[in-house]
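my_file12.txt follows; it contains compact mmCIF, C-alpha atoms.
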```txt
# COMPACT_ATOMS: atom_id res chain seq x y z
CA MET A 1 0.63 -46.91 -9.69
CA ALA A 2 1.74 -47.47 -6.11
CA LEU A 3 1.65 -44.59 -3.69
CA ARG A 4 5.37 -45.07 -3.03
CA ASP A 5 6.03 -44.09 -6.65
CA ILE A 6 4.83 -40.58 -5.83
CA PRO A 7 7.46 -38.23 -4.39
CA ALA A 8 6.75 -38.46 -0.65
CA SER A 9 8.52 -35.28 0.37
CA PRO A 10 9.42 -31.97 -1.28
CA ARG A 11 13.05 -32.56 -0.25
CA ARG A 12 13.71 -34.97 -3.12
CA TRP A 13 12.86 -32.48 -5.85
CA ALA A 14 13.52 -29.26 -3.92
CA VAL A 15 17.28 -29.82 -4.07
CA GLY A 16 17.09 -30.36 -7.83
CA VAL A 17 15.00 -27.23 -8.33
CA LEU A 18 17.36 -25.09 -6.25
CA LEU A 19 20.40 -26.48 -8.08
CA ALA A 20 18.79 -25.76 -11.46
CA GLY A 21 18.31 -22.14 -10.49
CA LEU A 22 21.80 -21.71 -9.05
CA ILE A 23 23.56 -23.42 -11.96
CA ALA A 24 21.69 -21.29 -14.51
CA LEU A 25 22.42 -18.14 -12.51
CA LEU A 26 26.13 -18.79 -12.06
CA ALA A 27 26.66 -19.91 -15.66
CA ALA A 28 24.79 -16.91 -17.09
CA TYR A 29 26.47 -14.50 -14.66
CA TRP A 30 29.86 -15.84 -15.68
CA MET A 31 28.90 -15.43 -19.33
CA GLY A 32 27.56 -11.90 -18.88
CA GLY A 33 27.24 -10.11 -15.58
CA ASP A 34 28.86 -6.97 -14.26
CA ARG A 35 31.85 -8.49 -12.48
CA GLY A 36 34.40 -6.37 -14.32
CA VAL A 37 32.32 -3.25 -14.89
CA ALA A 38 33.47 -1.37 -11.78
CA GLN A 39 37.13 -1.97 -12.61
CA ALA A 40 36.64 -1.02 -16.26
CA MET A 41 34.95 2.23 -15.23
CA GLY A 42 37.56 3.01 -12.59
CA LEU A 43 35.04 2.57 -9.75
CA PRO A 44 35.75 0.90 -6.40
CA SER A 45 34.80 -2.77 -6.15
CA PRO A 46 32.53 -4.01 -3.34
CA GLY A 47 34.47 -7.30 -3.19
CA LEU A 48 33.74 -10.90 -4.11
CA VAL A 49 31.17 -11.44 -1.35
CA THR A 50 28.92 -8.72 -2.73
CA THR A 51 29.74 -9.33 -6.39
CA TRP A 52 28.71 -12.99 -6.26
CA GLY A 53 26.55 -12.94 -3.15
CA LEU A 54 24.09 -10.30 -4.32
CA PRO A 55 22.76 -12.25 -7.34
CA VAL A 56 22.60 -15.48 -5.31
CA VAL A 57 20.65 -13.79 -2.50
CA ARG A 58 18.38 -12.15 -5.08
CA LEU A 59 17.57 -15.58 -6.51
CA LEU A 60 16.75 -16.88 -3.02
CA HIS A 61 14.68 -13.75 -2.40
CA ASP A 62 12.66 -14.36 -5.55
CA MET A 63 12.17 -18.01 -4.65
CA CYS A 64 10.86 -17.05 -1.20
CA ALA A 65 8.47 -14.55 -2.79
CA ILE A 66 7.21 -17.26 -5.14
CA GLY A 67 7.02 -19.78 -2.30
CA THR A 68 4.88 -17.41 -0.23
CA THR A 69 2.57 -16.53 -3.10
CA GLY A 70 2.29 -20.10 -4.36
CA THR A 71 1.50 -21.47 -0.92
CA LEU A 72 -1.33 -18.97 -0.45
CA LEU A 73 -2.66 -19.58 -3.97
CA ALA A 74 -2.64 -23.36 -3.47
CA GLY A 75 -4.51 -22.89 -0.20
CA LEU A 76 -7.27 -21.03 -2.02
CA LEU A 77 -7.42 -23.46 -4.94
CA LEU A 78 -7.47 -26.57 -2.74
CA ASP A 79 -9.55 -24.96 0.05
CA ARG A 80 -7.18 -25.87 2.83
CA PRO A 81 -5.31 -23.88 5.51
CA VAL A 82 -1.67 -23.19 4.69
CA GLY A 83 -0.90 -20.59 7.33
CA ARG A 84 2.16 -22.24 8.88
CA ALA A 85 3.81 -22.92 5.53
CA ALA A 86 3.09 -19.35 4.39
CA GLN A 87 4.64 -18.06 7.61
CA ARG A 88 7.91 -19.85 6.93
CA TRP A 89 8.15 -18.65 3.36
CA ALA A 90 7.25 -15.08 4.31
CA LEU A 91 9.90 -15.07 7.05
CA GLY A 92 12.45 -16.23 4.49
CA TRP A 93 11.24 -13.50 2.15
CA ALA A 94 11.72 -10.84 4.83
CA ALA A 95 15.16 -12.19 5.76
CA THR A 96 16.42 -12.25 2.17
CA ALA A 97 15.03 -8.74 1.62
CA ALA A 98 17.08 -7.55 4.62
CA VAL A 99 20.25 -9.23 3.31
CA THR A 100 19.57 -7.80 -0.14
CA VAL A 101 19.47 -4.31 1.35
CA LEU A 102 22.91 -4.78 2.90
CA LEU A 103 24.47 -6.23 -0.24
CA THR A 104 22.83 -3.62 -2.46
CA LEU A 105 24.17 -0.85 -0.22
CA SER A 106 27.61 -2.44 -0.52
CA ASP A 107 27.25 -2.55 -4.30
CA PHE A 108 25.90 1.00 -4.30
CA LEU A 109 28.90 2.37 -2.41
CA GLY A 110 31.52 0.07 -3.92
CA GLU A 111 32.63 -1.09 -0.48
CA PRO A 112 32.47 -4.42 1.39
CA VAL A 113 29.43 -4.81 3.64
CA PRO A 114 31.24 -4.02 6.95
CA ASP A 115 32.69 -0.80 5.49
CA ALA A 116 29.34 0.14 3.97
CA LEU A 117 27.65 -0.27 7.36
CA ARG A 118 30.35 1.77 9.10
CA SER A 119 29.85 4.57 6.58
CA GLY A 120 26.52 5.46 8.23
CA ALA A 121 24.76 5.53 4.85
CA LEU A 122 22.20 2.81 5.65
CA PRO A 123 19.47 5.11 7.07
CA THR A 124 19.77 7.42 4.08
CA PHE A 125 19.72 4.45 1.71
CA LEU A 126 16.56 3.04 3.32
CA LEU A 127 14.65 6.30 3.59
CA HIS A 128 15.73 8.31 0.56
CA ILE A 129 17.06 5.98 -2.17
CA PRO A 130 14.38 4.19 -4.26
CA GLN A 131 16.04 0.77 -4.03
CA GLY A 132 16.36 1.01 -0.26
CA GLN A 133 12.78 2.20 0.08
CA ALA A 134 11.56 -0.63 -2.14
CA PHE A 135 13.19 -3.42 -0.14
CA LEU A 136 12.19 -1.80 3.13
CA ALA A 137 8.60 -1.98 1.83
CA VAL A 138 9.07 -5.64 0.87
CA TYR A 139 10.46 -6.39 4.33
CA GLY A 140 7.49 -4.74 6.02
CA LEU A 141 4.90 -6.40 3.76
CA ALA A 142 6.47 -9.84 4.23
CA LEU A 143 6.28 -9.43 8.00
CA ALA A 144 2.68 -8.24 7.62
CA ILE A 145 1.93 -11.52 5.83
CA VAL A 146 3.45 -13.42 8.76
CA LEU A 147 1.20 -11.54 11.19
CA GLY A 148 -1.79 -11.93 8.87
CA THR A 149 -1.60 -15.71 9.05
CA PHE A 150 -3.04 -15.43 12.56
CA ILE A 151 -6.35 -13.98 11.30
CA PRO A 152 -9.08 -16.54 12.22
CA ALA A 153 -11.14 -16.51 8.99
CA VAL A 154 -9.01 -18.84 6.84
CA ALA A 155 -10.55 -18.21 3.37
CA VAL A 156 -10.70 -14.43 3.80
CA ARG A 157 -7.22 -14.41 5.32
CA GLN A 158 -5.60 -16.34 2.49
CA GLY A 159 -7.26 -14.23 -0.20
CA LEU A 160 -6.13 -10.98 1.42
CA LEU A 161 -2.64 -12.29 2.05
CA LEU A 162 -2.33 -13.49 -1.55
CA ALA A 163 -3.17 -9.98 -2.77
CA LEU A 164 -0.66 -8.55 -0.30
CA ALA A 165 2.03 -10.98 -1.47
CA ILE A 166 1.55 -9.99 -5.11
CA ALA A 167 1.68 -6.31 -4.13
CA ALA A 168 4.91 -6.93 -2.22
CA THR A 169 6.70 -8.07 -5.38
CA LEU A 170 6.05 -4.78 -7.18
CA PRO A 171 8.00 -2.01 -5.32
CA PRO A 172 11.49 -3.20 -6.39
CA ALA A 173 10.31 -3.51 -10.00
CA TYR A 174 9.10 0.09 -9.94
CA ALA A 175 12.20 1.40 -8.17
CA GLY A 176 14.52 -0.22 -10.69
CA HIS A 177 13.42 2.00 -13.54
CA SER A 178 15.13 5.32 -14.08
CA ALA A 179 12.87 8.21 -14.95
CA SER A 180 15.30 8.98 -17.75
CA ALA A 181 14.82 5.60 -19.40
CA ALA A 182 13.36 5.43 -22.86
CA ASP A 183 9.65 4.46 -22.90
CA HIS A 184 9.69 4.75 -19.12
CA GLN A 185 5.97 4.40 -18.40
CA LEU A 186 5.52 1.59 -20.91
CA ALA A 187 8.51 -0.27 -19.46
CA ILE A 188 7.16 0.05 -15.92
CA ALA A 189 3.64 -1.08 -16.85
CA SER A 190 4.86 -4.09 -18.82
CA LEU A 191 7.38 -5.06 -16.11
CA MET A 192 4.70 -5.02 -13.42
CA VAL A 193 2.44 -7.21 -15.55
CA HIS A 194 5.45 -9.49 -16.01
CA VAL A 195 6.16 -9.60 -12.28
CA ALA A 196 2.57 -10.47 -11.34
CA GLY A 197 2.33 -13.08 -14.11
CA VAL A 198 5.56 -14.85 -13.15
CA THR A 199 4.70 -14.79 -9.45
CA LEU A 200 1.27 -16.34 -9.88
CA TRP A 201 2.33 -18.83 -12.54
CA VAL A 202 5.51 -20.19 -10.97
CA GLY A 203 4.06 -19.89 -7.48
CA GLY A 204 0.98 -21.85 -8.49
CA VAL A 205 3.03 -24.71 -9.90
CA PHE A 206 5.08 -24.79 -6.73
CA GLY A 207 2.06 -24.65 -4.42
CA LEU A 208 0.23 -27.44 -6.20
CA LEU A 209 3.34 -29.59 -6.30
CA VAL A 210 3.65 -29.28 -2.52
CA PHE A 211 -0.01 -29.63 -1.51
CA VAL A 212 -1.84 -31.57 -4.22
CA ARG A 213 -0.71 -34.98 -2.96
CA ALA A 214 -2.76 -34.63 0.23
CA ALA A 215 -5.79 -33.04 -1.47
CA GLY A 216 -9.02 -35.02 -1.57
CA GLU A 217 -10.20 -34.10 -5.10
CA PRO A 218 -7.44 -32.11 -6.78
CA GLU A 219 -8.54 -32.31 -10.42
CA ARG A 220 -10.95 -29.37 -10.28
CA ALA A 221 -8.43 -27.14 -8.49
CA VAL A 222 -5.66 -28.02 -10.96
CA ARG A 223 -7.93 -27.32 -13.93
CA ARG A 224 -8.77 -23.91 -12.49
CA PHE A 225 -5.09 -23.17 -12.08
CA SER A 226 -4.39 -24.40 -15.61
CA THR A 227 -6.64 -21.63 -16.95
CA LEU A 228 -4.89 -19.06 -14.77
CA ALA A 229 -1.49 -20.40 -15.85
CA LEU A 230 -2.39 -19.99 -19.52
CA CYS A 231 -3.32 -16.35 -18.94
CA CYS A 232 -0.10 -15.80 -16.99
CA TYR A 233 1.94 -17.45 -19.74
CA ALA A 234 0.51 -15.06 -22.34
CA ALA A 235 1.08 -12.04 -20.08
CA VAL A 236 4.66 -13.08 -19.26
CA GLY A 237 5.52 -13.76 -22.90
CA LEU A 238 4.10 -10.50 -24.26
CA SER A 239 5.45 -8.28 -21.49
CA GLY A 240 8.85 -9.98 -21.64
CA ALA A 241 9.06 -9.45 -25.40
CA LEU A 242 8.16 -5.78 -24.99
CA ASN A 243 10.78 -5.25 -22.28
CA ALA A 244 13.43 -7.07 -24.32
CA TRP A 245 12.67 -4.88 -27.35
CA ILE A 246 13.02 -1.70 -25.28
CA ARG A 247 16.41 -2.80 -23.94
CA LEU A 248 17.91 -4.39 -27.05
CA GLY A 249 16.99 -1.62 -29.46
CA ALA A 250 17.43 -3.74 -32.62
CA PRO A 251 16.60 -7.39 -33.52
CA ASP A 252 20.19 -8.27 -34.50
CA GLN A 253 21.31 -7.59 -30.92
CA LEU A 254 19.64 -10.87 -29.96
CA TRP A 255 22.58 -12.81 -31.40
CA ARG A 256 25.26 -10.11 -31.50
CA SER A 257 25.32 -9.31 -27.77
CA THR A 258 25.69 -11.32 -24.57
CA TYR A 259 22.55 -9.66 -23.27
CA GLY A 260 20.64 -10.83 -26.34
CA LEU A 261 21.94 -14.39 -26.02
CA LEU A 262 20.67 -14.52 -22.44
CA VAL A 263 17.30 -13.26 -23.66
CA LEU A 264 17.26 -16.09 -26.22
CA ALA A 265 18.01 -18.58 -23.44
CA LYS A 266 14.96 -17.26 -21.58
CA VAL A 267 12.89 -17.58 -24.75
CA ALA A 268 14.00 -21.22 -25.01
CA ALA A 269 12.86 -21.77 -21.41
CA LEU A 270 9.50 -20.19 -22.23
CA VAL A 271 9.06 -22.53 -25.20
CA ALA A 272 9.92 -25.52 -23.02
CA LEU A 273 7.36 -24.39 -20.44
CA ALA A 274 4.71 -24.24 -23.16
CA TRP A 275 5.38 -27.94 -23.81
CA PHE A 276 4.97 -28.72 -20.11
CA GLY A 277 1.66 -26.86 -20.00
CA ASN A 278 0.37 -28.68 -23.06
CA ARG A 279 1.39 -32.03 -21.58
CA HIS A 280 -0.48 -31.25 -18.37
CA ARG A 281 -3.62 -30.30 -20.28
CA ARG A 282 -3.50 -33.39 -22.49
CA SER A 283 -2.71 -36.09 -19.96
CA THR A 284 -1.62 -35.49 -16.37
CA ILE A 285 -4.63 -33.46 -15.19
CA ALA A 286 -7.11 -36.01 -16.51
CA ALA A 287 -5.17 -38.77 -14.74
CA LEU A 288 -5.39 -37.10 -11.32
CA GLY A 289 -8.50 -39.08 -10.46
CA ARG A 290 -6.49 -42.33 -10.73
CA THR A 291 -2.93 -41.39 -9.84
CA ARG A 292 -1.04 -38.23 -9.04
CA ALA A 293 2.43 -39.49 -9.89
CA PRO A 294 2.49 -38.26 -13.55
CA PHE A 295 1.34 -34.78 -12.53
CA LEU A 296 3.82 -34.53 -9.67
CA ARG A 297 6.76 -35.72 -11.74
CA LEU A 298 6.01 -33.43 -14.65
CA ALA A 299 5.37 -30.47 -12.33
CA ALA A 300 8.70 -31.08 -10.57
CA ALA A 301 10.55 -31.02 -13.90
CA GLU A 302 8.55 -27.95 -14.94
CA LEU A 303 9.50 -26.18 -11.73
CA ALA A 304 13.19 -26.95 -12.34
CA VAL A 305 12.97 -25.23 -15.75
CA MET A 306 11.20 -22.30 -14.10
CA ALA A 307 13.98 -22.07 -11.50
CA ALA A 308 16.57 -22.04 -14.28
CA ALA A 309 14.64 -19.20 -15.96
CA LEU A 310 14.67 -17.27 -12.68
CA GLY A 311 18.43 -17.75 -12.47
CA LEU A 312 18.80 -16.43 -16.01
CA ALA A 313 16.66 -13.43 -15.08
CA VAL A 314 18.86 -12.52 -12.13
CA ALA A 315 22.00 -12.81 -14.26
CA LEU A 316 20.35 -10.76 -16.98
CA SER A 317 19.64 -8.01 -14.45
CA ARG A 318 23.38 -7.74 -13.85
CA THR A 319 24.37 -7.81 -17.53
CA PRO A 320 24.87 -4.59 -19.52
CA PRO A 321 22.52 -4.24 -22.51
CA PRO A 322 23.97 -3.57 -25.97
CA SER A 323 25.84 -0.28 -26.21
CA GLY A 324 23.52 2.54 -27.22
CA ALA A 325 20.38 0.43 -26.82
CA HIS A 326 19.31 2.22 -23.67
CA ALA A 327 19.94 5.31 -21.65
CA ALA A 328 23.61 5.63 -20.76
CA GLY A 329 24.55 3.54 -17.76
CA GLN A 330 21.15 1.86 -17.50
CA VAL A 331 20.68 -1.89 -17.36
CA CYS A 332 17.29 -3.57 -17.24
CA ALA A 333 16.22 -7.15 -17.69
CA PRO A 334 12.94 -8.31 -19.24
CA VAL A 335 12.16 -10.37 -16.15
CA PHE A 336 11.91 -8.57 -12.80
CA SER A 337 15.32 -6.88 -13.02
CA CYS A 338 16.72 -3.47 -13.50
CA THR A 339 19.92 -1.79 -12.44
CA LYS A 340 21.74 1.43 -13.13
CA TRP A 341 25.45 0.91 -12.69
CA ARG A 342 26.65 2.09 -9.31
CA ALA A 343 24.13 4.96 -9.34
CA GLU A 344 21.06 2.68 -9.26
CA PRO A 345 21.58 -0.87 -7.96
CA ALA A 346 19.64 -3.93 -9.02
CA ALA A 347 15.91 -4.11 -8.40
CA GLU A 348 13.39 -6.90 -8.78
CA THR A 349 14.48 -9.93 -10.76
CA ILE A 350 11.79 -12.59 -10.85
```

Structure re-expressed in structure tokens:
Amino acid sequence: MALRDIPASPRRWAVGVLLAGLIALLAAYWMGGDRGVAQAMGLPSPGLVTTWGLPVVRLLHDMCAIGTTGTLLAGLLLDRPVGRAAQRWALGWAATAAVTVLLTLSDFLGEPVPDALRSGALPTFLLHIPQGQAFLAVYGLALAIVLGTFIPAVAVRQGLLLALAIAATLPPAYAGHSASAADHQLAIASLMVHVAGVTLWVGGVFGLLVFVRAAGEPERAVRRFSTLALCCYAAVGLSGALNAWIRLGAPDQLWRSTYGLLVLAKVAALVALAWFGNRHRRSTIAALGRTRAPFLRLAAAELAVMAAALGLAVALSRTPPPSGAHAAGQVCAPVFSCTKWRAEPAAETI
């Protein structure tokens, strides 16, 4: 197959991947979401910018986290320097973490962002509220990754920065859980396994899609990642099922509640991703020695499904679980997300 048949630039598929995530997010948020919760509970509304902007920025935040992690993982797998690309993604990660803080404060107070800033509550939110502390930690760790890309020893640097990137995804997941939640410790442990699994798995697909075209002998690296991806898939599936069970409370809530229907949509995405993984193992990886076009095309489609699943996860984090299925006022999603209405804003959503 001619080289021109291979996607020459990430731009061609990046737009499709981003659109897949945004469309899934907006559709699921319209179907579920917490848009009318404040009004129904007699609470002040933060306004349309925060109501719709917060989930969109959270999706972009998660994508930047995955982009950073995936870039560093691809650098290790393919044994090539990726410092400049990792810098850009980490800067985007830090920027979206900062915007998330502002929008979460607005959501927390039930006021538009300018009024929330004028209230003088930002220092207290950052230093004393778990969600503020969590995103402040993410902001600092993302900037540390940017600085770490200047370390001379490339292999050591990328390994350390990859570990730091994975660690940076965890604080919001921990902060999103209320100590009063049922099965609190089990929920936290399973959510953190879920976070790490999703980050490595989706990030790895992204990193290979970006960098494998220029690699000299990519087959070995892709096979190594395939093994890691299988382990991540199992971890994500099991931890997601456990978190969904904790939040739904009963099997019939899967089809009797909006929250459960969104969970089923994520299950469908997980099944589709199993097909992609099987197709890679059966055909595209073996063909890498001759042509990379089949792998790149399938990986691009796979990444679009992953982006849609991320969008569903963010919407799920803003959707109330079935009544009585969880501690009063608590909302948690089985993928990276947790929020406690008005008293505990949304946390990690990947």

(Q) Just to confirm, what's the straight-line distance from atom CA of Ala142 of chain A to atom CA of Val195 of chain A in Å (one decimal)? (A)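 Value for the atom CA of Ala142 of chain A-atom CA of Val195 of chain A distance: 16.5 Å.
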
Q. Between A:Ala116, A:Ala24, A:Leu160, A:Ile129, which one has atoms that come closest to Ala269 of chain A, using only C-alpha atoms?
A.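 Once distances to Ala269 of chain A are computed over only C-alpha atoms, the minimum belongs to A:Ala24.
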
**Q.** Top pick for closest residue to Gln185 of chain A, considering A:Ile246, A:Gly240, A:Leu76, A:Gln158 and counting all atoms listed in the file
**A.**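 So, comparing all the options, the nearest one is A:Ile246.
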
**Q.** Shortest interatomic distance to Thr51 of chain A - which of A:Met63, A:Ile151, A:Leu105, A:Met306, counting all atoms listed in the file
**A.** A:Leu105

For the interface of segment 157-270 of chain A with segment 293-303 of chain A (cut-off 7 Å, counting only C-alpha atoms), please tabulate each contacting residue of segment 157-270 of chain A alongside its nearest pair of atoms and their separation in Å to one decimal, rows sorted by chain and increasing number, as JSON lines.
```
{"residue": "A:Val205", "atom": "CA", "partner": "A:Ala299", "partner_atom": "CA", "distance": 6.7}
{"residue": "A:Phe206", "atom": "CA", "partner": "A:Leu303", "partner_atom": "CA", "distance": 6.8}
{"residue": "A:Leu209", "atom": "CA", "partner": "A:Leu296", "partner_atom": "CA", "distance": 6.0}
```

Written file, previous selection with C-alpha atoms, as a short mmCIF file (atom, residue, chain, number, x, y, z; two decimals), keeping the file's coordinate frame:
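The resulting file, part_22.cif, is reproduced below:
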```
data_model
loop_
_atom_site.label_atom_id
_atom_site.label_comp_id
_atom_site.auth_asym_id
_atom_site.auth_seq_id
_atom_site.Cartn_x
_atom_site.Cartn_y
_atom_site.Cartn_z
CA VAL A 205 3.03 -24.71 -9.90
CA PHE A 206 5.08 -24.79 -6.73
CA LEU A 209 3.34 -29.59 -6.30
#
```

**Q.** Distance of atom CA of Gly16 of chain A from atom CA of Phe225 of chain A, expressed in Å to one decimal place
**A.** 23.7 Å

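Considering the residues A:Gly277, A:Gly249, A:Pro114, A:Pro171 and counting only C-alpha atoms, Cys232 of chain A has its shortest atom-to-atom contact with A:Gly277.
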
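Here atom CA of Cys64 of chain A is placed at a distance of 16.8 Å from atom CA of Leu312 of chain A.
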
Q | Nearest to Ile23 of chain A by atom-to-atom distance, counting all atoms listed in the file, from A:Ala308, A:Pro321, A:Arg279, A:Leu164 | A |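 For Ile23 of chain A, the nearest of the candidates is A:Ala308.
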
Q) Could you name the residues that touch Gly132 of chain A at 9 Å or less, counting all atoms listed in the file, but leaving out those on the same chain fewer than 2 positions away, as a PyMOL selection string? A) chain A and resi 101+104-105+122-130+134-137+172+175

Q: Identify which of the residues A:Leu208, A:Ala265, A:Val138, A:Ala86 lies closest to Phe150 of chain A, counting all atoms listed in the file when measuring atom-to-atom distances.
A: A:Ala86

Test item: residues at most 10 Å from Gly92 of chain A, all atoms listed in the file, excluding those fewer than 2 positions along its chain, as an mmCIF file with C-alpha atoms, in the coordinates of the input:
```cif
data_model
loop_
_atom_site.group_PDB
_atom_site.id
_atom_site.type_symbol
_atom_site.label_atom_id
_atom_site.label_comp_id
_atom_site.auth_asym_id
_atom_site.auth_seq_id
_atom_site.Cartn_x
_atom_site.Cartn_y
_atom_site.Cartn_z
ATOM 1 C CA LEU A 60 16.750 -16.880 -3.020
ATOM 2 C CA HIS A 61 14.680 -13.750 -2.400
ATOM 3 C CA MET A 63 12.170 -18.010 -4.650
ATOM 4 C CA CYS A 64 10.860 -17.050 -1.200
ATOM 5 C CA ALA A 65 8.470 -14.550 -2.790
ATOM 6 C CA GLY A 67 7.020 -19.780 -2.300
ATOM 7 C CA THR A 68 4.880 -17.410 -0.230
ATOM 8 C CA ALA A 86 3.090 -19.350 4.390
ATOM 9 C CA GLN A 87 4.640 -18.060 7.610
ATOM 10 C CA ARG A 88 7.910 -19.850 6.930
ATOM 11 C CA TRP A 89 8.150 -18.650 3.360
ATOM 12 C CA ALA A 90 7.250 -15.080 4.310
ATOM 13 C CA ALA A 94 11.720 -10.840 4.830
ATOM 14 C CA ALA A 95 15.160 -12.190 5.760
ATOM 15 C CA THR A 96 16.420 -12.250 2.170
ATOM 16 C CA ALA A 97 15.030 -8.740 1.620
ATOM 17 C CA ALA A 98 17.080 -7.550 4.620
ATOM 18 C CA ALA A 142 6.470 -9.840 4.230
ATOM 19 C CA LEU A 143 6.280 -9.430 8.000
#
```

Would you be able to write out as a JSON list (two decimals) with C-alpha atoms, in the coordinates of the input which residues have an atom within 12 Å of (-11.9, -18.7, 7.7) in the file's coordinates, counting only C-alpha atoms?
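Writing done, so here's part_21.json:
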```
[["chain", "number", "residue", "atom", "x", "y", "z"],
["A", 75, "GLY", "CA", -4.51, -22.89, -0.20],
["A", 76, "LEU", "CA", -7.27, -21.03, -2.02],
["A", 79, "ASP", "CA", -9.55, -24.96, 0.05],
["A", 80, "ARG", "CA", -7.18, -25.87, 2.83],
["A", 81, "PRO", "CA", -5.31, -23.88, 5.51],
["A", 82, "VAL", "CA", -1.67, -23.19, 4.69],
["A", 83, "GLY", "CA", -0.90, -20.59, 7.33],
["A", 149, "THR", "CA", -1.60, -15.71, 9.05],
["A", 150, "PHE", "CA", -3.04, -15.43, 12.56],
["A", 151, "ILE", "CA", -6.35, -13.98, 11.30],
["A", 152, "PRO", "CA", -9.08, -16.54, 12.22],
["A", 153, "ALA", "CA", -11.14, -16.51, 8.99],
["A", 154, "VAL", "CA", -9.01, -18.84, 6.84],
["A", 155, "ALA", "CA", -10.55, -18.21, 3.37],
["A", 156, "VAL", "CA", -10.70, -14.43, 3.80],
["A", 157, "ARG", "CA", -7.22, -14.41, 5.32],
["A", 158, "GLN", "CA", -5.60, -16.34, 2.49],
["A", 159, "GLY", "CA", -7.26, -14.23, -0.20],
["A", 160, "LEU", "CA", -6.13, -10.98, 1.42]]
```
